[in-house]
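Student: Handing over final-v6.csv, CSV, C-alpha atoms.
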```csv
chain,number,residue,atom,x,y,z
A,8,MET,CA,-13.6,102.3,202.0
A,9,GLN,CA,-12.6,102.5,198.3
A,10,THR,CA,-14.9,105.5,197.9
A,11,ALA,CA,-13.5,107.1,201.1
A,12,ALA,CA,-9.9,106.6,199.8
A,13,GLN,CA,-10.8,108.2,196.4
A,14,MET,CA,-12.5,111.2,198.0
A,15,LEU,CA,-9.6,111.7,200.5
A,16,PHE,CA,-7.1,111.5,197.6
A,17,SER,CA,-9.1,114.1,195.6
A,18,ALA,CA,-9.1,116.4,198.6
A,19,ALA,CA,-5.3,115.9,199.0
A,20,SER,CA,-4.8,116.7,195.3
A,21,CYS,CA,-6.9,119.9,195.7
A,22,TYR,CA,-4.8,121.1,198.7
A,23,HIS,CA,-1.6,120.4,196.7
A,24,LEU,CA,-3.0,122.4,193.7
A,25,ALA,CA,-4.0,125.3,196.0
A,26,GLY,CA,-0.5,125.3,197.5
A,27,TYR,CA,1.6,125.2,194.4
A,28,MET,CA,-0.4,127.9,192.6
A,29,HIS,CA,1.0,130.6,195.0
A,30,HIS,CA,4.6,131.7,194.9
A,31,ASP,CA,6.6,134.5,196.5
A,32,ILE,CA,10.2,135.4,195.9
A,33,GLY,CA,12.4,134.7,198.9
A,34,ARG,CA,10.0,132.8,201.1
A,35,LEU,CA,7.6,129.9,201.4
A,36,LEU,CA,4.2,131.5,201.9
A,37,PRO,CA,2.4,130.4,205.1
A,38,GLU,CA,-0.7,129.5,203.0
A,39,THR,CA,1.5,127.3,200.7
A,40,ARG,CA,3.1,125.5,203.7
A,41,ARG,CA,-0.3,124.8,205.3
A,42,SER,CA,-1.7,123.5,202.0
A,43,MET,CA,1.3,121.2,201.5
A,44,LEU,CA,1.1,119.8,205.0
A,45,ARG,CA,-2.7,119.3,204.8
A,46,ALA,CA,-2.4,117.5,201.5
A,47,VAL,CA,-0.1,114.9,202.9
A,48,GLU,CA,-2.1,114.6,206.0
A,49,LEU,CA,-5.1,113.6,203.9
A,50,TYR,CA,-3.0,111.3,201.7
A,51,TRP,CA,-1.9,109.3,204.8
A,52,GLU,CA,-5.5,109.1,206.0
A,53,ALA,CA,-6.4,107.5,202.6
A,54,ALA,CA,-3.2,105.4,202.3
A,55,PRO,CA,-4.3,102.2,204.0
A,56,HIS,CA,-7.4,101.9,201.8
A,57,PHE,CA,-5.8,102.1,198.4
A,58,SER,CA,-5.5,98.9,196.5
A,59,PRO,CA,-2.7,98.0,196.9
A,60,PRO,CA,-2.2,100.1,200.1
A,61,ALA,CA,0.5,102.8,200.5
A,62,THR,CA,2.7,102.5,203.6
A,63,MET,CA,5.0,105.2,204.9
A,64,ALA,CA,8.7,104.8,204.1
A,65,ASP,CA,10.4,106.8,206.9
A,66,ILE,CA,13.9,107.2,205.4
A,67,PRO,CA,16.6,108.7,207.6
A,68,PHE,CA,18.2,111.7,206.0
A,69,ASP,CA,20.3,114.6,207.4
A,70,GLY,CA,19.0,114.4,211.0
A,71,THR,CA,15.4,114.2,209.8
A,72,THR,CA,13.4,111.9,207.5
A,73,LEU,CA,12.1,111.6,204.0
A,74,ARG,CA,8.5,110.5,204.4
A,75,GLY,CA,7.7,108.7,201.1
A,76,PHE,CA,5.0,106.1,200.2
A,77,LEU,CA,5.8,102.5,199.3
A,78,ARG,CA,3.3,100.4,197.3
A,79,LEU,CA,4.0,96.7,196.6
A,80,PRO,CA,2.6,94.7,193.7
A,81,ARG,CA,0.3,91.8,194.6
A,82,ASP,CA,1.7,88.3,194.5
A,83,VAL,CA,5.3,89.3,193.6
A,84,GLU,CA,8.2,88.4,196.0
A,85,ARG,CA,11.2,90.8,196.1
A,86,ALA,CA,9.9,92.9,193.3
A,87,PRO,CA,12.1,95.4,191.5
A,88,CYS,CA,11.3,99.0,192.5
A,89,VAL,CA,10.9,102.3,190.7
A,90,ILE,CA,11.5,105.5,192.7
A,91,LEU,CA,9.1,108.2,191.6
A,92,ILE,CA,10.1,111.9,191.9
A,93,GLY,CA,8.2,115.0,190.8
A,94,GLY,CA,9.5,118.3,189.6
A,95,ALA,CA,9.5,121.9,190.7
A,96,ASN,CA,5.8,122.0,191.3
A,97,SER,CA,4.8,118.4,191.7
A,98,ASN,CA,5.2,116.1,194.7
A,99,MET,CA,4.6,112.5,195.9
A,100,ILE,CA,0.8,113.0,195.8
A,101,ASN,CA,1.1,113.5,192.0
A,102,MET,CA,3.2,110.3,191.9
A,103,HIS,CA,0.5,108.2,193.4
A,104,ALA,CA,-1.4,107.8,190.1
A,105,VAL,CA,1.9,107.1,188.3
A,106,SER,CA,2.6,104.3,190.7
A,107,ASP,CA,-0.4,102.3,189.5
A,108,TYR,CA,1.3,101.8,186.1
A,109,TYR,CA,4.3,100.1,187.8
A,110,LEU,CA,2.3,98.1,190.2
A,111,GLU,CA,0.2,96.6,187.3
A,112,ARG,CA,3.5,95.5,185.7
A,113,GLY,CA,4.9,93.7,188.8
A,114,MET,CA,7.1,96.5,190.1
A,115,ALA,CA,7.0,98.2,193.5
A,116,ALA,CA,6.8,102.0,193.6
A,117,LEU,CA,8.2,104.5,196.1
A,118,GLY,CA,7.3,108.2,195.9
A,119,PHE,CA,8.9,110.8,198.0
A,120,ASP,CA,9.4,114.6,198.4
A,121,GLY,CA,13.1,115.6,198.5
A,122,PRO,CA,14.8,119.0,199.2
A,123,GLY,CA,12.8,121.8,197.6
A,124,GLN,CA,9.6,119.7,197.2
A,125,GLY,CA,6.2,119.3,198.9
A,126,GLU,CA,6.0,118.0,202.4
A,127,PHE,CA,9.8,118.0,202.9
A,128,ARG,CA,10.1,121.7,202.0
A,129,ALA,CA,7.1,122.6,204.1
A,130,ARG,CA,8.3,120.7,207.1
A,131,THR,CA,12.0,121.6,207.0
A,132,GLY,CA,12.2,124.7,204.9
A,133,ARG,CA,15.0,123.3,202.8
A,134,PRO,CA,15.2,124.3,199.2
A,135,LEU,CA,16.7,122.3,196.4
A,136,ARG,CA,20.4,121.8,196.1
A,137,VAL,CA,21.4,119.1,193.7
A,138,GLN,CA,24.0,117.5,196.0
A,139,ASP,CA,21.3,117.2,198.7
A,140,PHE,CA,19.0,115.6,196.2
A,141,ASP,CA,21.7,113.2,195.2
A,142,ARG,CA,22.1,112.2,198.8
A,143,ALA,CA,18.3,111.9,199.3
A,144,LEU,CA,18.1,109.4,196.5
A,145,SER,CA,21.0,107.5,197.8
A,146,ALA,CA,19.4,107.4,201.2
A,147,THR,CA,16.3,106.1,199.6
A,148,ALA,CA,18.3,103.3,197.8
A,149,ASP,CA,19.9,102.4,201.2
A,150,TRP,CA,16.4,102.1,202.7
A,151,LEU,CA,15.1,99.9,199.9
A,152,GLN,CA,18.1,97.6,200.0
A,153,GLN,CA,17.5,97.0,203.7
A,154,ASP,CA,13.8,96.2,203.1
A,155,GLY,CA,13.4,92.5,202.5
A,156,ARG,CA,10.4,93.0,200.3
A,157,ILE,CA,12.3,94.7,197.6
A,158,ASP,CA,15.0,93.4,195.2
A,159,GLY,CA,17.6,96.1,196.0
A,160,SER,CA,19.7,95.1,192.9
A,161,ARG,CA,16.9,96.3,190.6
A,162,ILE,CA,16.1,99.9,191.2
A,163,GLY,CA,15.1,102.4,188.6
A,164,ILE,CA,13.9,106.0,188.7
A,165,TYR,CA,11.0,107.9,187.1
A,166,GLY,CA,11.6,111.7,187.2
A,167,ARG,CA,9.0,114.2,186.0
A,168,ALA,CA,10.3,117.4,184.4
A,169,THR,CA,13.0,118.9,186.7
A,170,GLY,CA,12.9,115.6,188.5
A,171,GLY,CA,14.2,113.9,185.4
A,172,MET,CA,17.4,115.9,185.5
A,173,LEU,CA,17.8,115.3,189.2
A,174,ALA,CA,17.3,111.5,188.6
A,175,ILE,CA,20.0,111.4,186.0
A,176,HIS,CA,22.4,113.5,188.1
A,177,ALA,CA,21.9,111.1,191.1
A,178,ALA,CA,22.2,108.0,189.0
A,179,ALA,CA,25.5,109.3,187.6
A,180,CYS,CA,26.8,109.5,191.2
A,181,ASP,CA,25.2,106.3,192.6
A,182,LYS,CA,25.5,103.2,190.4
A,183,ARG,CA,22.8,101.3,192.1
A,184,PHE,CA,20.2,102.9,189.9
A,185,ARG,CA,19.8,100.7,186.8
A,186,ALA,CA,17.8,103.0,184.4
A,187,VAL,CA,16.1,106.4,184.4
A,188,VAL,CA,12.9,107.6,182.7
A,189,ALA,CA,12.9,111.4,182.3
A,190,HIS,CA,9.5,112.9,181.6
A,191,PRO,CA,11.0,114.9,179.8
A,192,ALA,CA,14.8,115.2,180.0
A,193,ALA,CA,17.0,118.3,180.1
A,194,PHE,CA,20.8,118.6,180.0
A,195,ASP,CA,21.2,122.2,181.2
A,196,PHE,CA,18.4,124.5,182.3
A,197,ALA,CA,20.6,127.5,181.5
A,198,ASN,CA,20.1,126.7,177.8
A,199,PHE,CA,16.4,127.8,178.0
A,200,PHE,CA,15.6,129.2,181.4
A,201,GLU,CA,16.5,132.8,180.5
A,202,GLN,CA,14.2,132.7,177.5
A,203,ALA,CA,11.2,132.0,179.7
A,204,PHE,CA,9.8,135.6,179.7
A,205,LEU,CA,6.6,134.9,177.9
A,206,PRO,CA,3.4,135.6,180.0
A,207,THR,CA,2.6,131.9,180.0
A,208,LEU,CA,6.0,131.1,181.6
A,209,VAL,CA,6.0,133.7,184.3
A,210,THR,CA,4.8,131.1,186.9
A,211,HIS,CA,7.4,128.7,185.7
A,212,ARG,CA,10.2,131.1,186.7
A,213,LEU,CA,8.5,131.8,190.0
A,214,GLU,CA,8.1,128.1,190.7
A,215,MET,CA,11.8,127.6,190.0
A,216,CYS,CA,12.8,130.4,192.3
A,217,SER,CA,10.7,129.0,195.1
A,218,PHE,CA,12.1,125.5,194.4
A,219,LEU,CA,15.7,126.9,194.8
A,220,GLY,CA,14.9,129.3,197.6
A,221,ALA,CA,16.0,132.3,195.6
A,222,LYS,CA,15.3,135.8,197.0
A,223,THR,CA,15.3,137.5,193.6
A,224,LEU,CA,14.9,136.6,190.0
A,225,GLU,CA,18.5,137.3,189.4
A,226,GLU,CA,19.5,134.9,192.2
A,227,GLY,CA,17.1,132.3,190.8
A,228,SER,CA,18.9,132.5,187.4
A,229,ARG,CA,22.3,132.1,189.1
A,230,LEU,CA,21.1,129.1,191.1
A,231,VAL,CA,19.6,127.5,187.9
A,232,ARG,CA,23.0,127.8,186.2
A,233,GLU,CA,24.8,126.3,189.2
A,234,GLN,CA,22.3,123.6,190.3
A,235,LEU,CA,20.4,122.4,187.2
A,236,THR,CA,23.0,121.1,184.9
A,237,LEU,CA,24.5,117.7,184.0
A,238,GLU,CA,27.7,119.3,182.8
A,239,GLY,CA,29.8,118.1,185.7
A,240,VAL,CA,28.6,114.5,185.6
A,241,ALA,CA,28.0,113.8,181.9
A,242,ASP,CA,31.0,111.5,181.6
A,243,ARG,CA,29.5,109.3,184.4
A,244,VAL,CA,26.1,108.9,182.8
A,245,ASP,CA,26.5,105.4,181.4
A,246,PHE,CA,23.1,103.8,182.1
A,247,PRO,CA,20.0,103.7,179.8
A,248,ILE,CA,17.7,106.7,179.8
A,249,LEU,CA,14.3,107.2,178.2
A,250,SER,CA,13.3,110.8,177.5
A,251,VAL,CA,9.6,111.3,176.7
A,252,CYS,CA,8.9,114.9,175.4
A,253,SER,CA,6.6,117.0,173.4
A,254,ALA,CA,7.7,118.7,170.2
A,255,ASP,CA,6.6,122.2,171.1
A,256,ASP,CA,7.1,122.2,174.9
A,257,ALA,CA,7.9,125.8,175.7
A,258,THR,CA,8.9,125.0,179.3
A,259,MET,CA,11.5,122.3,178.6
A,260,PRO,CA,12.4,122.1,174.9
A,261,ALA,CA,12.7,118.8,173.1
A,262,SER,CA,16.1,119.9,171.9
A,263,GLU,CA,17.4,119.2,175.4
A,264,SER,CA,16.9,115.5,174.9
A,265,ALA,CA,19.0,115.6,171.7
A,266,ILE,CA,21.8,117.5,173.6
A,267,LEU,CA,21.6,114.8,176.4
A,268,ARG,CA,22.0,112.0,173.9
A,269,GLU,CA,25.0,113.7,172.3
A,270,ARG,CA,26.8,114.5,175.6
A,271,VAL,CA,26.5,111.3,177.7
A,272,LYS,CA,28.0,107.8,177.4
A,273,GLY,CA,24.9,105.7,178.0
A,274,PRO,CA,22.1,105.0,175.5
A,275,VAL,CA,19.4,107.7,175.4
A,276,GLU,CA,16.1,106.7,173.7
A,277,ILE,CA,13.8,109.6,172.8
A,278,VAL,CA,10.1,109.5,172.2
A,279,THR,CA,8.6,112.8,171.0
A,280,PHE,CA,4.9,113.5,170.9
A,281,PRO,CA,3.4,116.3,168.9
A,282,GLY,CA,1.9,119.3,170.7
A,283,ARG,CA,2.8,121.6,173.6
A,284,GLY,CA,2.3,119.1,176.5
A,285,HIS,CA,4.9,118.4,179.1
A,286,GLY,CA,6.2,114.9,178.5
A,287,GLY,CA,3.5,113.9,176.1
A,288,PRO,CA,-0.1,112.9,176.8
A,289,SER,CA,-0.4,110.9,180.0
A,290,ARG,CA,-2.6,108.2,178.6
A,291,LEU,CA,0.2,107.3,176.1
A,292,SER,CA,3.4,108.3,177.8
A,293,LEU,CA,2.8,106.7,181.3
A,294,PRO,CA,2.2,103.1,180.0
A,295,LEU,CA,5.1,103.5,177.5
A,296,GLU,CA,7.5,104.5,180.3
A,297,ALA,CA,6.4,101.8,182.6
A,298,ASP,CA,6.8,99.1,179.9
A,299,TRP,CA,10.3,100.4,179.2
A,300,LEU,CA,11.4,100.4,182.8
A,301,ARG,CA,10.0,96.9,183.3
A,302,LYS,CA,12.1,95.7,180.4
A,303,LYS,CA,15.2,97.3,181.9
A,304,LEU,CA,14.7,96.1,185.5
A,305,LEU,CA,13.7,92.6,184.6
A,306,ALA,CA,16.4,92.1,182.0
```
Step by step, read the file and then write its structure as structure tokens.
Tutor:
Amino acid sequence: MQTAAQMLFSAASCYHLAGYMHHDIGRLLPETRRSMLRAVELYWEAAPHFSPPATMADIPFDGTTLRGFLRLPRDVERAPCVILIGGANSNMINMHAVSDYYLERGMAALGFDGPGQGEFRARTGRPLRVQDFDRALSATADWLQQDGRIDGSRIGIYGRATGGMLAIHAAACDKRFRAVVAHPAAFDFANFFEQAFLPTLVTHRLEMCSFLGAKTLEEGSRLVREQLTLEGVADRVDFPILSVCSADDATMPASESAILRERVKGPVEIVTFPGRGHGGPSRLSLPLEADWLRKKLLA
């Protein structure tokens, strides 16, 4: 059964990859939608056979549900919990491997797709709006606090790429979140999004337009300015943040982490790796981030 779970998870990851590689301005392609839905179907087939298993967190939200996974560490009662959120082109399937780092350190992990992401976008058609994502994370915190297996007073968030900004924005509005890891952080996408015209960044712009439901590149740029900024909540960011970035990341510049530290009230720790990766090399950044969140949630 371990082998079956691994194979099913590999298949789910392939469907996810096939889906997010295709973008169109103004609509979610039918092929993309089918790939997203098939990916989560395979994930849930594998879920009971993971170690520890993944169970569905069916979280009420806006007349529908957020269907995330919850994994609990072994031999820990009322564990703290880290909510794992992906970015513009990642989803809860990508967060499964990340969850292992938190489970190994005695923390529960909940991964979910919010507005604009993965299964939720495929099922509902709803693109990203930052206020909707704030409410989605608050609904997730509500659900966790009602679950007797979780210590609802110790909730942190790991956010990958765009998810890092969304995590910070939500935590500024809902003080139940104790700490945030941004992999990496950004303060305002308008600072760098318009510069993304290099051939290697064309797909980045298309991904963001798809994420935001834009019908043109011009509308995508406008929505980025409106939705992907911490400008309006900076004075409420009073919780600890860890930003893990790469020095030459062309998609989300390391300079954004420095701007974040200058503009917000709470402490911002920055770890910068050399190279062009996004959030640093996983073999180094993921355990570092899990160690940091463990320290903050168990303090």
Student: My list of candidates is A:Arg301, A:Arg74, A:Arg243, A:Arg133. Which is closest to His176 in chain A when distances are computed with all atoms listed in the file?
Tutor: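 The closest residue to His176 in chain A is A:Arg243.
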Student: Which residues are near Arg185 in chain A? Cut-off 9 Å, only C-alpha atoms, ignore same chain within fewer than 5 positions. Put them as a VMD selection string.
Tutor: chain A and resid 160 to 164 178 246 to 247 303 to 304
Student: Considering only C-alpha atoms, can you say which of A:His211, A:His103, A:Arg85, A:His190 comes closest to Gln152 in chain A?
Tutor: A:Arg85
Student: Rounded to one decimal, what separation in Å do you get between CA of Val231 in chain A and CA of Thr39 in chain A?
Tutor: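 Going from CA of Val231 in chain A over to CA of Thr39 in chain A covers 22.2 Å.
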Student: Report, in Å with one decimal, the straight-line distance from CA of Gly93 in chain A to CA of Gly170 in chain A.
Tutor: 5.3 Å
Student: Kindly indicate which residue among A:Pro281, A:Pro59, A:Pro67, A:Gly118 lies nearest to Asp82 in chain A, using only C-alpha atoms for the distances.
Tutor: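 Checking each of A:Pro281, A:Pro59, A:Pro67, A:Gly118 against Asp82 in chain A, counting only C-alpha atoms, the winner is A:Pro59.
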Student: Determine, counting only C-alpha atoms, which protein, DNA and RNA residues have an atom within 12 Å of an atom of Gly155 in chain A; residues of the same chain fewer than 6 positions away are not included. Present the result as a ChimeraX atom specification.
Tutor: /A:79,84-87,149
Student: Work out how far apart CA of Ala221 in chain A and CA of Val137 in chain A are and give it in Å to one decimal.
Tutor: 14.4 Å
Student: Need the neighbours of (6.0, 105.1, 191.7): which residues are at most 8 Å away, counting all atoms listed in the file, as a PyMOL selection string?
Tutor: chain A and resi 78+89-92+102-103+105-107+109+115-118+165
Student: Limited to C-alpha atoms, could you put the picked residues into a file as a PDB file, in the frame of the given file?
Tutor:
```pdb
ATOM      1  CA  ARG A  78       3.300 100.400 197.300  1.00  0.00           C
ATOM      2  CA  VAL A  89      10.900 102.300 190.700  1.00  0.00           C
ATOM      3  CA  ILE A  90      11.500 105.500 192.700  1.00  0.00           C
ATOM      4  CA  LEU A  91       9.100 108.200 191.600  1.00  0.00           C
ATOM      5  CA  ILE A  92      10.100 111.900 191.900  1.00  0.00           C
ATOM      6  CA  MET A 102       3.200 110.300 191.900  1.00  0.00           C
ATOM      7  CA  HIS A 103       0.500 108.200 193.400  1.00  0.00           C
ATOM      8  CA  VAL A 105       1.900 107.100 188.300  1.00  0.00           C
ATOM      9  CA  SER A 106       2.600 104.300 190.700  1.00  0.00           C
ATOM     10  CA  ASP A 107      -0.400 102.300 189.500  1.00  0.00           C
ATOM     11  CA  TYR A 109       4.300 100.100 187.800  1.00  0.00           C
ATOM     12  CA  ALA A 115       7.000  98.200 193.500  1.00  0.00           C
ATOM     13  CA  ALA A 116       6.800 102.000 193.600  1.00  0.00           C
ATOM     14  CA  LEU A 117       8.200 104.500 196.100  1.00  0.00           C
ATOM     15  CA  GLY A 118       7.300 108.200 195.900  1.00  0.00           C
ATOM     16  CA  TYR A 165      11.000 107.900 187.100  1.00  0.00           C
TER      17      TYR A 165
END
```
Student: Nearest to Leu44 in chain A: which of A:Ala19, A:Met14, A:Met8, A:Ile277 is it, counting only C-alpha atoms?
Tutor: A:Ala19
Student: I need every residue sitting at most 12 Å from the point (6.6, 132.1, 191.7) (coordinates as in the file, all atoms listed in the file considered), written as a PyMOL selection string.
Tutor: chain A and resi 26-36+39+95-96+208-224+227
Student: Using only C-alpha atoms, which protein or nucleic acid residues come within 12 Å of Ser145 in chain A? Drop anything in the same chain fewer than 4 positions from it, and give the result as number ranges by chain.
Tutor: A: 66-69, 73, 90, 121, 138-141, 149-152, 162, 164, 174, 176-184
Student: Of the candidates A:Ala25, A:Asp242, A:Cys252, A:Ser228, which shows the shortest atom-to-atom distance to Gly171 in chain A, using only C-alpha atoms?
Tutor: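 Using only C-alpha atoms, Gly171 in chain A sits closest to A:Cys252.
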Student: Nearest residue to Pro80 in chain A out of A:Ala241, A:Leu110, A:Leu24, A:Met99, using all atoms listed in the file?
Tutor: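 Distance minimum relative to Pro80 in chain A lands on A:Leu110.
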Student: Considering all atoms listed in the file, return as a list in words whatever protein or nucleic-acid residues lie within 10 Å of Ala265 in chain A, sequence-local ones (same chain, fewer than 2 positions apart) excluded.
Tutor: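 Once the nearby chain positions are removed, what remains is Ala192, Ala193, Phe194, Ser250, Pro260, Ala261, Ser262, Glu263, Leu267, Arg268, Glu269, Arg270, Val275, Glu276 and Ile277 of chain A.
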Student: Keeping only C-alpha atoms, write those residues as a tab-separated table (two decimals), in the frame of the given file.
Tutor:
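Listing of out04.tsv after writing:
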```tsv
chain	number	residue	atom	x	y	z
A	192	ALA	CA	14.80	115.20	180.00
A	193	ALA	CA	17.00	118.30	180.10
A	194	PHE	CA	20.80	118.60	180.00
A	250	SER	CA	13.30	110.80	177.50
A	260	PRO	CA	12.40	122.10	174.90
A	261	ALA	CA	12.70	118.80	173.10
A	262	SER	CA	16.10	119.90	171.90
A	263	GLU	CA	17.40	119.20	175.40
A	267	LEU	CA	21.60	114.80	176.40
A	268	ARG	CA	22.00	112.00	173.90
A	269	GLU	CA	25.00	113.70	172.30
A	270	ARG	CA	26.80	114.50	175.60
A	275	VAL	CA	19.40	107.70	175.40
A	276	GLU	CA	16.10	106.70	173.70
A	277	ILE	CA	13.80	109.60	172.80
```
Student: What's around Arg130 in chain A at 12 Å? Count all atoms listed in the file, leave out sequence neighbours fewer than 3 positions away in its own chain, and write the answer as a VMD selection string.
Tutor: chain A and resid 35 37 39 to 45 47 71 to 74 120 to 127 133 to 134
